[in-house]
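J.: This is model.cif, which holds mmCIF, C-alpha atoms (C1' of nucleotides):
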```
data_input
loop_
_atom_site.label_atom_id
_atom_site.label_comp_id
_atom_site.auth_asym_id
_atom_site.auth_seq_id
_atom_site.Cartn_x
_atom_site.Cartn_y
_atom_site.Cartn_z
CA MET A 1 30.35 8.48 -18.02
CA LYS A 2 28.73 10.18 -20.95
CA GLN A 3 28.74 13.57 -19.30
CA ASP A 4 32.43 13.17 -18.56
CA LYS A 5 33.19 12.55 -22.19
CA LYS A 6 31.30 15.61 -23.25
CA LYS A 7 33.30 17.68 -20.81
CA THR A 8 36.55 16.30 -22.16
CA ALA A 9 35.45 17.18 -25.68
CA LYS A 10 34.75 20.75 -24.61
CA THR A 11 38.13 20.96 -22.95
CA LEU A 12 39.99 19.74 -26.02
CA GLU A 13 38.06 22.18 -28.19
CA GLY A 14 39.07 24.91 -25.77
CA TYR A 15 42.75 24.09 -26.14
CA TYR A 16 42.39 24.25 -29.90
CA ALA A 17 40.59 27.58 -29.84
CA ALA A 18 43.15 29.10 -27.49
CA MET A 19 46.14 28.05 -29.62
CA LEU A 20 44.45 29.10 -32.86
CA ALA A 21 43.57 32.50 -31.42
CA SER A 22 47.14 32.99 -30.28
CA PHE A 23 49.06 31.73 -33.30
CA GLY A 24 46.64 31.60 -36.22
CA PRO A 25 46.64 28.80 -38.83
CA GLN A 26 50.05 27.14 -39.23
CA GLY A 27 49.68 26.03 -42.84
CA TRP A 28 51.14 22.56 -42.45
CA TRP A 29 52.63 20.41 -43.91
CA PRO A 30 55.59 22.56 -45.01
CA GLY A 31 56.23 20.58 -48.22
CA LYS A 32 55.45 21.22 -51.87
CA THR A 33 54.30 17.75 -52.89
CA ARG A 34 52.94 14.67 -51.15
CA PHE A 35 56.19 12.82 -51.73
CA GLU A 36 58.23 15.67 -50.33
CA MET A 37 55.93 15.63 -47.33
CA MET A 38 56.53 11.91 -46.78
CA VAL A 39 60.28 12.38 -47.06
CA GLY A 40 60.09 15.20 -44.53
CA ALA A 41 58.13 12.98 -42.15
CA VAL A 42 60.95 10.42 -42.12
CA LEU A 43 63.75 12.99 -41.94
CA THR A 44 62.20 14.87 -39.02
CA GLN A 45 62.19 11.82 -36.74
CA ASN A 46 63.67 13.06 -33.47
CA THR A 47 65.24 15.94 -35.38
CA ALA A 48 64.77 19.72 -35.58
CA TRP A 49 62.92 20.84 -38.70
CA THR A 50 65.60 23.41 -39.57
CA ASN A 51 68.03 20.53 -40.13
CA VAL A 52 65.47 18.70 -42.26
CA GLU A 53 64.96 21.72 -44.53
CA LYS A 54 68.62 21.70 -45.48
CA ALA A 55 68.48 18.04 -46.38
CA ILE A 56 65.35 18.50 -48.48
CA GLY A 57 67.02 21.43 -50.21
CA ALA A 58 69.95 19.19 -51.15
CA LEU A 59 67.56 16.52 -52.45
CA ARG A 60 65.71 19.09 -54.52
CA LYS A 61 68.93 20.38 -56.00
CA GLU A 62 69.75 16.87 -57.14
CA LYS A 63 66.19 16.41 -58.42
CA LEU A 64 65.63 13.39 -56.24
CA LEU A 65 62.22 14.32 -54.87
CA THR A 66 60.29 11.67 -56.75
CA PRO A 67 59.89 8.03 -55.66
CA GLU A 68 61.53 6.76 -58.87
CA ARG A 69 64.60 9.01 -58.78
CA MET A 70 65.17 8.53 -55.09
CA HIS A 71 64.87 4.80 -55.38
CA ALA A 72 67.39 4.73 -58.23
CA VAL A 73 70.12 6.63 -56.40
CA GLU A 74 72.79 4.76 -54.47
CA GLU A 75 72.11 4.55 -50.75
CA GLY A 76 75.49 5.98 -49.74
CA GLU A 77 74.96 8.98 -51.97
CA LEU A 78 71.48 9.50 -50.56
CA ALA A 79 72.92 9.36 -47.05
CA SER A 80 75.52 12.03 -47.79
CA LEU A 81 72.84 14.33 -49.22
CA ILE A 82 70.67 14.11 -46.11
CA ARG A 83 73.60 14.37 -43.73
CA SER A 84 72.28 17.56 -42.08
CA ALA A 85 69.13 15.77 -40.90
CA GLY A 86 71.14 13.48 -38.60
CA TYR A 87 70.92 9.66 -38.39
CA PHE A 88 71.69 9.87 -42.10
CA ASN A 89 72.67 6.24 -42.67
CA ILE A 90 69.53 4.95 -41.00
CA LYS A 91 67.29 7.50 -42.65
CA ALA A 92 68.71 6.79 -46.11
CA ARG A 93 67.77 3.15 -45.57
CA ARG A 94 64.30 4.15 -44.37
CA LEU A 95 63.69 6.35 -47.38
CA LYS A 96 64.72 3.46 -49.62
CA ASN A 97 62.32 1.16 -47.81
CA LEU A 98 59.54 3.67 -48.38
CA THR A 99 60.25 4.27 -52.07
CA ALA A 100 60.52 0.53 -52.67
CA ARG A 101 57.04 0.05 -51.26
CA LEU A 102 55.61 2.94 -53.26
CA LEU A 103 56.96 1.47 -56.49
CA GLU A 104 55.69 -2.00 -55.59
CA ASN A 105 52.25 -0.42 -55.25
CA SER A 106 52.28 1.23 -58.67
CA GLY A 107 53.14 4.62 -57.32
CA LEU A 108 52.31 7.08 -54.58
CA ASP A 109 48.85 7.90 -55.93
CA ARG A 110 47.59 4.36 -55.82
CA PHE A 111 49.31 3.74 -52.51
CA LEU A 112 47.66 6.64 -50.70
CA ARG A 113 44.23 5.73 -52.08
CA LYS A 114 44.04 2.61 -49.96
CA ASP A 115 41.39 2.60 -47.25
CA SER A 116 42.50 3.91 -43.86
CA SER A 117 43.10 0.70 -41.95
CA GLY A 118 44.83 -0.93 -44.90
CA LEU A 119 47.07 2.06 -45.46
CA ARG A 120 48.06 2.36 -41.82
CA GLY A 121 48.93 -1.33 -41.61
CA GLU A 122 50.97 -1.07 -44.78
CA LEU A 123 52.86 1.99 -43.56
CA LEU A 124 53.62 0.37 -40.21
CA SER A 125 54.95 -2.71 -41.96
CA ILE A 126 57.70 -0.61 -43.57
CA ASN A 127 60.88 -0.76 -41.51
CA GLY A 128 61.54 2.78 -40.28
CA ILE A 129 57.94 3.97 -40.21
CA GLY A 130 56.42 3.89 -36.75
CA PRO A 131 53.06 5.16 -35.47
CA GLU A 132 53.83 8.88 -35.60
CA THR A 133 55.35 8.86 -39.08
CA ALA A 134 52.50 6.66 -40.31
CA ASP A 135 49.84 8.96 -38.89
CA SER A 136 51.62 12.04 -40.24
CA ILE A 137 51.56 10.55 -43.73
CA MET A 138 47.94 9.45 -43.30
CA LEU A 139 46.86 12.92 -42.22
CA TYR A 140 49.08 15.27 -44.20
CA ALA A 141 49.64 13.33 -47.43
CA ALA A 142 46.52 11.16 -47.69
CA GLY A 143 44.07 13.53 -46.00
CA LYS A 144 42.79 10.85 -43.62
CA SER A 145 41.44 11.98 -40.23
CA GLU A 146 44.13 10.42 -38.03
CA PHE A 147 45.37 12.41 -35.04
CA VAL A 148 49.15 12.69 -34.88
CA VAL A 149 50.83 12.31 -31.49
CA ASP A 150 54.36 13.58 -30.91
CA ALA A 151 56.66 14.40 -28.01
CA TYR A 152 55.07 17.83 -27.54
CA THR A 153 51.59 16.33 -27.39
CA LYS A 154 52.63 13.96 -24.64
CA ARG A 155 54.52 16.62 -22.71
CA ILE A 156 51.80 19.27 -22.82
CA PHE A 157 48.86 17.00 -22.06
CA THR A 158 50.55 15.00 -19.30
CA ARG A 159 51.60 18.25 -17.72
CA HIS A 160 47.97 19.34 -17.86
CA GLY A 161 46.86 16.07 -16.28
CA LEU A 162 44.77 14.84 -19.21
CA ILE A 163 46.87 11.75 -19.82
CA GLU A 164 49.00 9.48 -17.64
CA GLU A 165 52.72 10.04 -17.38
CA ASN A 166 53.46 6.61 -18.84
CA ALA A 167 50.74 6.61 -21.52
CA GLY A 168 51.69 4.95 -24.80
CA TYR A 169 51.17 6.29 -28.31
CA GLU A 170 47.79 4.71 -28.98
CA GLU A 171 46.49 5.75 -25.60
CA VAL A 172 47.32 9.41 -26.18
CA LYS A 173 45.92 9.25 -29.70
CA ALA A 174 42.66 7.83 -28.34
CA LEU A 175 42.14 10.86 -26.11
CA PHE A 176 41.74 12.97 -29.25
CA MET A 177 40.18 10.39 -31.58
CA ASP A 178 37.51 9.52 -29.01
CA ASN A 179 36.62 13.07 -28.07
CA LEU A 180 36.84 15.07 -31.28
CA ALA A 181 34.76 14.80 -34.45
CA PRO A 182 36.86 13.17 -37.20
CA ASP A 183 37.92 16.13 -39.32
CA ALA A 184 41.21 16.03 -41.21
CA ALA A 185 41.39 19.82 -41.52
CA VAL A 186 41.00 20.26 -37.77
CA PHE A 187 43.40 17.41 -36.89
CA ASN A 188 45.92 18.94 -39.28
CA GLU A 189 45.77 22.34 -37.63
CA TYR A 190 45.52 20.93 -34.10
CA HIS A 191 48.75 18.98 -34.37
CA ALA A 192 50.60 21.87 -36.00
CA LEU A 193 49.43 24.20 -33.22
CA ILE A 194 50.61 21.74 -30.56
CA VAL A 195 54.07 21.68 -32.10
CA ARG A 196 54.12 25.47 -32.30
CA THR A 197 53.04 25.79 -28.68
CA GLY A 198 55.56 23.18 -27.57
CA LYS A 199 58.43 24.81 -29.41
CA ASP A 200 57.65 28.27 -28.08
CA TYR A 201 56.49 27.52 -24.55
CA CYS A 202 56.91 23.90 -23.48
CA ARG A 203 60.55 22.95 -23.90
CA THR A 204 61.79 20.38 -21.41
CA LYS A 205 64.42 22.59 -19.87
CA THR A 206 62.86 26.04 -20.04
CA PRO A 207 59.05 25.97 -19.92
CA LEU A 208 57.43 29.40 -20.22
CA CYS A 209 54.06 28.57 -18.72
CA GLY A 210 53.44 32.13 -17.60
CA GLU A 211 53.15 33.32 -21.20
CA CYS A 212 51.72 30.16 -22.74
CA PRO A 213 48.35 30.45 -24.52
CA LEU A 214 47.33 27.33 -22.61
CA LYS A 215 48.20 28.67 -19.16
CA GLY A 216 44.49 29.11 -18.37
CA PHE A 217 44.04 25.34 -18.64
CA LEU A 218 46.88 24.44 -16.27
CA PRO A 219 45.58 22.68 -13.15
CA ALA A 220 46.23 24.57 -9.93
CA GLY A 221 49.66 23.92 -8.48
CA ARG A 222 51.39 23.09 -11.76
"C1'" DG B 1 80.88 21.45 -23.55
"C1'" DC B 2 76.08 20.03 -22.69
"C1'" DC B 3 71.21 19.57 -23.88
"C1'" DC B 4 67.72 19.08 -27.03
"C1'" DA B 5 65.03 18.24 -31.35
"C1'" DG B 6 57.86 17.18 -34.95
"C1'" DG B 7 61.11 8.61 -33.45
"C1'" DT B 8 62.15 3.89 -34.53
"C1'" DG B 9 64.40 -0.66 -34.46
"C1'" DT B 10 67.13 -3.95 -31.95
"C1'" DT B 11 68.71 -6.07 -28.00
"C1'" DT B 12 68.02 -7.69 -23.53
"C1'" DC B 13 65.84 -8.83 -19.27
"C1'" DG C 1 55.99 -6.56 -22.95
"C1'" DA C 2 58.89 -2.95 -21.52
"C1'" DA C 3 63.34 -0.89 -20.43
"C1'" DA C 4 68.03 0.32 -22.34
"C1'" DC C 5 70.55 1.46 -26.14
"C1'" DA C 6 72.05 3.05 -30.90
"C1'" DC C 7 71.44 6.21 -34.38
"C1'" DA C 8 73.97 11.93 -35.56
"C1'" DT C 9 73.60 16.76 -37.05
"C1'" DG C 10 73.07 21.69 -35.83
"C1'" DG C 11 71.29 25.42 -32.80
"C1'" DG C 12 70.81 27.43 -28.18
#
```
Rewrite the structure from the file as C-alpha coordinates, please.
T.:
Amino acid sequence: MKQDKKKTAKTLEGYYAAMLASFGPQGWWPGKTRFEMMVGAVLTQNTAWTNVEKAIGALRKEKLLTPERMHAVEEGELASLIRSAGYFNIKARRLKNLTARLLENSGLDRFLRKDSSGLRGELLSINGIGPETADSIMLYAAGKSEFVVDAYTKRIFTRHGLIEENAGYEEVKALFMDNLAPDAAVFNEYHALIVRTGKDYCRTKTPLCGECPLKGFLPAGR
DNA sequence: GCCCAGGTGTTTC
DNA sequence: GAAACACATGGG
(Lines of atoms letter the chains of each structure in order from A and count residues from 1; the text may use other names and numbers.)
(Lines give C-alpha, C1' and ligand atoms only; values in the text may rest on other atoms or scores of the structure.)
Protein backbone atom coordinates (compact mmCIF):
# COMPACT_ATOMS: atom_id res chain seq x y z
CA MET A 1 0.00 0.00 0.00
CA LYS A 2 2.77 2.39 -0.83
CA GLN A 3 0.64 4.46 -3.14
CA ASP A 4 -1.97 4.75 -0.42
CA LYS A 5 0.55 6.14 1.99
CA LYS A 6 1.70 8.72 -0.48
CA LYS A 7 -1.87 9.84 -0.96
CA THR A 8 -2.37 10.17 2.77
CA ALA A 9 0.78 12.28 2.98
CA LYS A 10 -0.55 14.60 0.27
CA THR A 11 -3.85 14.88 2.08
CA LEU A 12 -2.24 15.81 5.38
CA GLU A 13 -0.05 18.37 3.65
CA GLY A 14 -3.20 19.79 2.09
CA TYR A 15 -4.85 20.25 5.48
CA TYR A 16 -1.76 22.06 6.71
CA ALA A 17 -1.60 24.36 3.70
CA ALA A 18 -5.29 25.20 3.96
CA MET A 19 -5.12 26.12 7.65
CA LEU A 20 -1.90 28.08 7.22
CA ALA A 21 -3.35 30.02 4.30
CA SER A 22 -6.43 30.84 6.34
CA PHE A 23 -4.89 31.73 9.69
CA GLY A 24 -1.19 32.35 9.12
CA PRO A 25 1.54 31.23 11.56
CA GLN A 26 0.29 30.94 15.15
CA GLY A 27 3.57 31.60 16.91
CA TRP A 28 3.30 28.89 19.54
CA TRP A 29 4.11 28.17 22.33
CA PRO A 30 2.70 31.28 24.05
CA GLY A 31 5.32 31.31 26.84
CA LYS A 32 8.43 33.36 27.46
CA THR A 33 10.76 30.61 28.68
CA ARG A 34 10.98 26.85 28.37
CA PHE A 35 10.01 26.42 32.01
CA GLU A 36 7.03 28.70 31.62
CA MET A 37 6.05 26.64 28.61
CA MET A 38 6.21 23.42 30.62
CA VAL A 39 4.14 24.94 33.40
CA GLY A 40 1.57 26.05 30.84
CA ALA A 41 1.43 22.55 29.39
CA VAL A 42 0.41 21.14 32.77
CA LEU A 43 -2.00 23.95 33.62
CA THR A 44 -3.84 23.74 30.30
CA GLN A 45 -4.83 20.10 30.79
CA ASN A 46 -8.53 19.99 29.96
CA THR A 47 -8.69 23.73 30.59
CA ALA A 48 -9.21 26.87 28.50
CA TRP A 49 -6.00 28.80 27.86
CA THR A 50 -7.53 32.08 29.05
CA ASN A 51 -7.78 30.57 32.54
CA VAL A 52 -4.19 29.36 32.34
CA GLU A 53 -2.90 32.83 31.46
CA LYS A 54 -4.28 34.24 34.69
CA ALA A 55 -2.58 31.54 36.71
CA ILE A 56 0.75 32.09 34.97
CA GLY A 57 0.38 35.82 35.58
CA ALA A 58 -0.02 35.15 39.30
CA LEU A 59 3.04 32.89 39.29
CA ARG A 60 5.07 35.53 37.50
CA LYS A 61 4.01 38.18 39.98
CA GLU A 62 5.31 35.98 42.79
CA LYS A 63 8.48 35.26 40.80
CA LEU A 64 7.88 31.54 40.90
CA LEU A 65 8.56 30.77 37.25
CA THR A 66 11.81 28.91 37.83
CA PRO A 67 12.11 25.24 38.81
CA GLU A 68 13.97 26.12 42.03
CA ARG A 69 11.55 28.78 43.28
CA MET A 70 8.48 26.78 42.39
CA HIS A 71 9.83 23.71 44.07
CA ALA A 72 10.59 25.67 47.24
CA VAL A 73 7.11 27.12 47.66
CA GLU A 74 4.53 25.35 49.80
CA GLU A 75 2.10 23.23 47.82
CA GLY A 76 -1.01 24.85 49.31
CA GLU A 77 0.27 28.29 48.40
CA LEU A 78 1.07 27.14 44.88
CA ALA A 79 -2.45 25.74 44.58
CA SER A 80 -4.06 29.02 45.61
CA LEU A 81 -1.97 30.92 43.05
CA ILE A 82 -3.06 28.69 40.17
CA ARG A 83 -6.68 28.57 41.30
CA SER A 84 -7.99 30.12 38.06
CA ALA A 85 -6.63 27.22 36.00
CA GLY A 86 -8.99 24.74 37.67
CA TYR A 87 -8.07 21.37 39.25
CA PHE A 88 -5.70 23.51 41.30
CA ASN A 89 -4.91 20.99 44.04
CA ILE A 90 -4.06 18.28 41.53
CA LYS A 91 -2.12 20.61 39.28
CA ALA A 92 -0.09 22.02 42.17
CA ARG A 93 0.96 18.46 42.97
CA ARG A 94 1.79 17.81 39.30
CA LEU A 95 3.92 20.92 39.05
CA LYS A 96 5.79 19.82 42.17
CA ASN A 97 6.36 16.39 40.67
CA LEU A 98 7.78 18.05 37.56
CA THR A 99 10.07 20.48 39.37
CA ALA A 100 11.33 17.69 41.62
CA ARG A 101 12.37 15.69 38.59
CA LEU A 102 14.02 18.69 36.93
CA LEU A 103 16.11 19.33 40.04
CA GLU A 104 17.02 15.66 40.34
CA ASN A 105 18.37 15.91 36.80
CA SER A 106 20.57 18.92 37.47
CA GLY A 107 18.18 21.36 35.93
CA LEU A 108 15.92 21.92 32.96
CA ASP A 109 18.76 22.33 30.48
CA ARG A 110 20.30 18.97 31.16
CA PHE A 111 16.89 17.34 31.39
CA LEU A 112 15.72 18.48 27.97
CA ARG A 113 19.01 17.46 26.34
CA LYS A 114 18.26 13.78 26.80
CA ASP A 115 17.70 11.80 23.62
CA SER A 116 14.11 11.59 22.42
CA SER A 117 13.08 8.14 23.62
CA GLY A 118 14.78 8.63 26.98
CA LEU A 119 13.16 12.00 27.50
CA ARG A 120 9.69 10.80 26.59
CA GLY A 121 9.95 7.83 28.94
CA GLU A 122 11.16 10.08 31.72
CA LEU A 123 8.35 12.58 31.19
CA LEU A 124 5.72 9.83 31.15
CA SER A 125 7.08 8.42 34.39
CA ILE A 126 6.20 11.68 36.17
CA ASN A 127 2.80 11.43 37.82
CA GLY A 128 0.57 14.00 36.12
CA ILE A 129 2.30 14.01 32.74
CA GLY A 130 0.52 11.91 30.15
CA PRO A 131 1.17 11.48 26.42
CA GLU A 132 -0.11 14.87 25.29
CA THR A 133 1.70 16.89 27.93
CA ALA A 134 4.87 14.88 27.31
CA ASP A 135 4.73 15.43 23.56
CA SER A 136 3.96 19.13 24.03
CA ILE A 137 7.07 19.51 26.16
CA MET A 138 9.12 17.43 23.72
CA LEU A 139 8.04 19.55 20.77
CA TYR A 140 7.69 23.04 22.19
CA ALA A 141 10.35 23.09 24.91
CA ALA A 142 12.91 20.56 23.65
CA GLY A 143 12.43 21.10 19.92
CA LYS A 144 12.00 17.38 19.21
CA SER A 145 9.88 16.37 16.21
CA GLU A 146 7.01 14.73 18.10
CA PHE A 147 3.46 15.33 16.84
CA VAL A 148 1.08 16.49 19.56
CA VAL A 149 -2.43 15.01 19.60
CA ASP A 150 -5.24 16.74 21.46
CA ALA A 151 -9.03 16.67 21.62
CA TYR A 152 -9.34 18.91 18.56
CA THR A 153 -7.05 16.66 16.53
CA LYS A 154 -9.19 13.64 17.31
CA ARG A 155 -12.45 15.47 16.68
CA ILE A 156 -11.46 17.03 13.36
CA PHE A 157 -9.77 13.98 11.87
CA THR A 158 -12.38 11.44 12.96
CA ARG A 159 -15.03 13.71 11.55
CA HIS A 160 -13.09 13.73 8.29
CA GLY A 161 -12.85 9.94 8.34
CA LEU A 162 -9.05 9.74 8.55
CA ILE A 163 -9.02 7.98 11.91
CA GLU A 164 -11.37 5.61 13.72
CA GLU A 165 -13.87 6.95 16.21
CA ASN A 166 -12.31 4.94 19.03
CA ALA A 167 -8.65 5.50 18.07
CA GLY A 168 -6.25 5.90 20.98
CA TYR A 169 -3.56 8.55 21.41
CA GLU A 170 -0.68 6.64 19.85
CA GLU A 171 -2.81 5.57 16.93
CA VAL A 172 -3.77 9.14 16.05
CA LYS A 173 -0.20 10.30 16.53
CA ALA A 174 1.00 7.60 14.13
CA LEU A 175 -1.18 8.95 11.34
CA PHE A 176 0.95 12.10 11.34
CA MET A 177 4.31 10.62 12.36
CA ASP A 178 4.09 7.97 9.63
CA ASN A 179 2.98 10.27 6.86
CA LEU A 180 4.84 13.53 7.42
CA ALA A 181 8.56 14.25 7.28
CA PRO A 182 9.89 14.73 10.84
CA ASP A 183 10.17 18.50 11.13
CA ALA A 184 9.75 20.18 14.50
CA ALA A 185 8.93 23.56 12.96
CA VAL A 186 6.14 22.06 10.86
CA PHE A 187 4.78 19.88 13.71
CA ASN A 188 4.79 22.96 15.92
CA GLU A 189 2.74 25.00 13.48
CA TYR A 190 0.51 22.09 12.48
CA HIS A 191 -0.67 21.43 16.02
CA ALA A 192 -1.21 25.12 16.73
CA LEU A 193 -3.27 25.45 13.55
CA ILE A 194 -5.40 22.45 14.52
CA VAL A 195 -6.19 24.04 17.86
CA ARG A 196 -7.03 27.33 16.17
CA THR A 197 -9.28 25.60 13.65
CA GLY A 198 -10.94 23.55 16.38
CA LYS A 199 -11.60 26.56 18.58
CA ASP A 200 -13.04 28.63 15.77
CA TYR A 201 -14.92 26.02 13.74
CA CYS A 202 -15.08 22.59 15.36
CA ARG A 203 -16.62 22.95 18.79
CA THR A 204 -18.62 19.95 19.93
CA LYS A 205 -21.90 21.77 20.24
CA THR A 206 -21.73 24.34 17.47
CA PRO A 207 -19.60 23.21 14.51
CA LEU A 208 -19.29 25.81 11.75
CA CYS A 209 -18.28 23.51 8.92
CA GLY A 210 -19.69 25.81 6.26
CA GLU A 211 -17.04 28.43 6.98
CA CYS A 212 -14.21 26.13 8.04
CA PRO A 213 -10.95 26.32 6.06
CA LEU A 214 -11.06 22.52 5.97
CA LYS A 215 -14.57 22.25 4.54
CA GLY A 216 -13.14 21.26 1.14
CA PHE A 217 -11.72 18.10 2.72
CA LEU A 218 -14.97 16.98 4.33
CA PRO A 219 -16.19 13.68 2.87
CA ALA A 220 -19.54 13.92 1.10
CA GLY A 221 -22.49 13.60 3.45
CA ARG A 222 -20.75 14.90 6.56
C1' DG B 1 -28.32 26.92 35.01
C1' DC B 2 -25.84 24.04 31.63
C1' DC B 3 -21.97 22.93 28.61
C1' DC B 4 -17.39 23.08 27.48
C1' DA B 5 -12.27 23.70 27.63
C1' DG B 6 -5.05 22.61 24.13
C1' DG B 7 -5.94 15.56 30.12
C1' DT B 8 -4.52 12.38 33.64
C1' DG B 9 -4.73 9.11 37.52
C1' DT B 10 -7.43 5.89 40.14
C1' DT B 11 -10.87 2.66 40.71
C1' DT B 12 -13.53 -1.00 39.07
C1' DC B 13 -15.27 -4.55 36.15
C1' DG C 1 -7.28 -3.52 29.02
C1' DA C 2 -10.98 -0.38 28.92
C1' DA C 3 -14.93 2.01 30.91
C1' DA C 4 -16.47 5.17 34.74
C1' DC C 5 -15.28 8.60 37.73
C1' DA C 6 -12.86 12.58 40.13
C1' DC C 7 -10.61 16.72 39.61
C1' DA C 8 -12.60 22.76 39.31
C1' DT C 9 -12.45 27.42 37.34
C1' DG C 10 -14.33 30.85 34.06
C1' DG C 11 -16.58 32.08 29.62
C1' DG C 12 -20.39 31.46 26.35
J.: Neighbouring residues of B:DA5 were defined as those with any atom within 10 Å, considering all atoms listed in the file; residues of the same chain fewer than 3 positions away were excluded. Please report them as a ChimeraX atom specification.
T.: /A:44-51,151,199,203 /C:10-11
J.: Can you pull out the residues contacting C:DC7? Cut-off 10 Å, using all atoms listed in the file, and skip same-chain residues under 2 positions away; I want them as a list in words.
T.: Gly86, Tyr87, Phe88, Asn89, Ile90 and Lys91 of chain A; DT8 and DG9 of chain B; DC5 of chain C
J.: Hey, can you check how far atom CA of A:Met138 sits from atom CA of A:Ser116?
T.: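 Rounded to one decimal, the two atoms are 7.8 Å apart.
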J.: What is the atom CA of A:Gly118-atom CA of A:Lys32 distance in Å, reported with one decimal?
T.: 25.5 Å
J.: To box stretch 7-12 of chain B, take all atoms listed in the file, fit an axis-aligned box, add 6 Å on each side, and give centre and edge lengths in Å to one decimal, as JSON.
T.:
```
{"center_x": 64.9, "center_y": 0.5, "center_z": -29.0, "size_x": 19.6, "size_y": 28.3, "size_z": 23.0}
```
J.: For A:Asp115, list every protein, DNA or RNA residue within 12 Å, evaluated using all atoms listed in the file, and leave out those in the same chain fewer than 5 positions away; present the list as a PyMOL selection string.
T.: chain A and resi 110+120-122+138+142-145
J.: Starting from the sparse input, extend stretch 110-131 of chain A to N, CA, C and O atoms and give the output as an mmCIF file, in the coordinates of the input.
T.:
```cif
data_model
loop_
_atom_site.group_PDB
_atom_site.id
_atom_site.type_symbol
_atom_site.label_atom_id
_atom_site.label_comp_id
_atom_site.auth_asym_id
_atom_site.auth_seq_id
_atom_site.Cartn_x
_atom_site.Cartn_y
_atom_site.Cartn_z
ATOM 1 N N ARG A 110 48.327 5.588 -56.127
ATOM 2 C CA ARG A 110 47.590 4.360 -55.820
ATOM 3 C C ARG A 110 47.772 3.965 -54.370
ATOM 4 O O ARG A 110 46.843 3.505 -53.697
ATOM 5 N N PHE A 111 48.985 4.126 -53.881
ATOM 6 C CA PHE A 111 49.310 3.740 -52.510
ATOM 7 C C PHE A 111 48.454 4.513 -51.499
ATOM 8 O O PHE A 111 47.848 3.918 -50.604
ATOM 9 N N LEU A 112 48.378 5.807 -51.676
ATOM 10 C CA LEU A 112 47.660 6.640 -50.700
ATOM 11 C C LEU A 112 46.142 6.512 -50.814
ATOM 12 O O LEU A 112 45.412 6.972 -49.946
ATOM 13 N N ARG A 113 45.676 5.892 -51.903
ATOM 14 C CA ARG A 113 44.230 5.730 -52.080
ATOM 15 C C ARG A 113 43.658 4.542 -51.330
ATOM 16 O O ARG A 113 42.455 4.333 -51.320
ATOM 17 N N LYS A 114 44.517 3.757 -50.731
ATOM 18 C CA LYS A 114 44.040 2.610 -49.960
ATOM 19 C C LYS A 114 43.123 3.089 -48.833
ATOM 20 O O LYS A 114 43.229 4.226 -48.382
ATOM 21 N N ASP A 115 42.250 2.220 -48.369
ATOM 22 C CA ASP A 115 41.390 2.600 -47.250
ATOM 23 C C ASP A 115 42.249 2.752 -45.989
ATOM 24 O O ASP A 115 43.341 2.207 -45.891
ATOM 25 N N SER A 116 41.714 3.498 -45.026
ATOM 26 C CA SER A 116 42.500 3.910 -43.860
ATOM 27 C C SER A 116 43.209 2.774 -43.135
ATOM 28 O O SER A 116 44.414 2.834 -42.909
ATOM 29 N N SER A 117 42.469 1.750 -42.754
ATOM 30 C CA SER A 117 43.100 0.700 -41.950
ATOM 31 C C SER A 117 44.133 -0.059 -42.760
ATOM 32 O O SER A 117 45.188 -0.432 -42.250
ATOM 33 N N GLY A 118 43.865 -0.260 -44.040
ATOM 34 C CA GLY A 118 44.830 -0.930 -44.900
ATOM 35 C C GLY A 118 46.097 -0.117 -45.065
ATOM 36 O O GLY A 118 47.209 -0.647 -44.986
ATOM 37 N N LEU A 119 45.928 1.173 -45.258
ATOM 38 C CA LEU A 119 47.070 2.060 -45.460
ATOM 39 C C LEU A 119 47.934 2.139 -44.212
ATOM 40 O O LEU A 119 49.160 2.054 -44.276
ATOM 41 N N ARG A 120 47.283 2.250 -43.062
ATOM 42 C CA ARG A 120 48.060 2.360 -41.820
ATOM 43 C C ARG A 120 48.862 1.091 -41.563
ATOM 44 O O ARG A 120 50.034 1.128 -41.202
ATOM 45 N N GLY A 121 48.232 -0.060 -41.783
ATOM 46 C CA GLY A 121 48.930 -1.330 -41.610
ATOM 47 C C GLY A 121 50.113 -1.441 -42.559
ATOM 48 O O GLY A 121 51.196 -1.890 -42.174
ATOM 49 N N GLU A 122 49.909 -1.005 -43.783
ATOM 50 C CA GLU A 122 50.970 -1.070 -44.780
ATOM 51 C C GLU A 122 52.135 -0.154 -44.403
ATOM 52 O O GLU A 122 53.292 -0.540 -44.483
ATOM 53 N N LEU A 123 51.807 1.047 -43.964
ATOM 54 C CA LEU A 123 52.860 1.990 -43.560
ATOM 55 C C LEU A 123 53.651 1.434 -42.387
ATOM 56 O O LEU A 123 54.879 1.482 -42.362
ATOM 57 N N LEU A 124 52.949 0.885 -41.401
ATOM 58 C CA LEU A 124 53.620 0.370 -40.210
ATOM 59 C C LEU A 124 54.471 -0.863 -40.513
ATOM 60 O O LEU A 124 55.389 -1.188 -39.763
ATOM 61 N N SER A 125 54.182 -1.527 -41.610
ATOM 62 C CA SER A 125 54.950 -2.710 -41.960
ATOM 63 C C SER A 125 56.269 -2.342 -42.657
ATOM 64 O O SER A 125 57.107 -3.200 -42.911
ATOM 65 N N ILE A 126 56.442 -1.067 -42.973
ATOM 66 C CA ILE A 126 57.700 -0.610 -43.570
ATOM 67 C C ILE A 126 58.707 -0.344 -42.462
ATOM 68 O O ILE A 126 58.409 0.413 -41.532
ATOM 69 N N ASN A 127 59.867 -0.956 -42.539
ATOM 70 C CA ASN A 127 60.880 -0.760 -41.510
ATOM 71 C C ASN A 127 61.352 0.689 -41.511
ATOM 72 O O ASN A 127 61.843 1.182 -42.524
ATOM 73 N N GLY A 128 61.151 1.378 -40.369
ATOM 74 C CA GLY A 128 61.540 2.780 -40.280
ATOM 75 C C GLY A 128 60.352 3.711 -40.177
ATOM 76 O O GLY A 128 60.505 4.905 -39.942
ATOM 77 N N ILE A 129 59.154 3.173 -40.369
ATOM 78 C CA ILE A 129 57.940 3.970 -40.210
ATOM 79 C C ILE A 129 57.161 3.452 -39.011
ATOM 80 O O ILE A 129 56.626 2.348 -39.041
ATOM 81 N N GLY A 130 57.138 4.248 -37.957
ATOM 82 C CA GLY A 130 56.420 3.890 -36.750
ATOM 83 C C GLY A 130 55.091 4.622 -36.699
ATOM 84 O O GLY A 130 54.673 5.216 -37.699
ATOM 85 N N PRO A 131 54.400 4.585 -35.569
ATOM 86 C CA PRO A 131 53.060 5.160 -35.470
ATOM 87 C C PRO A 131 52.980 6.647 -35.790
ATOM 88 O O PRO A 131 52.045 7.070 -36.474
#
```
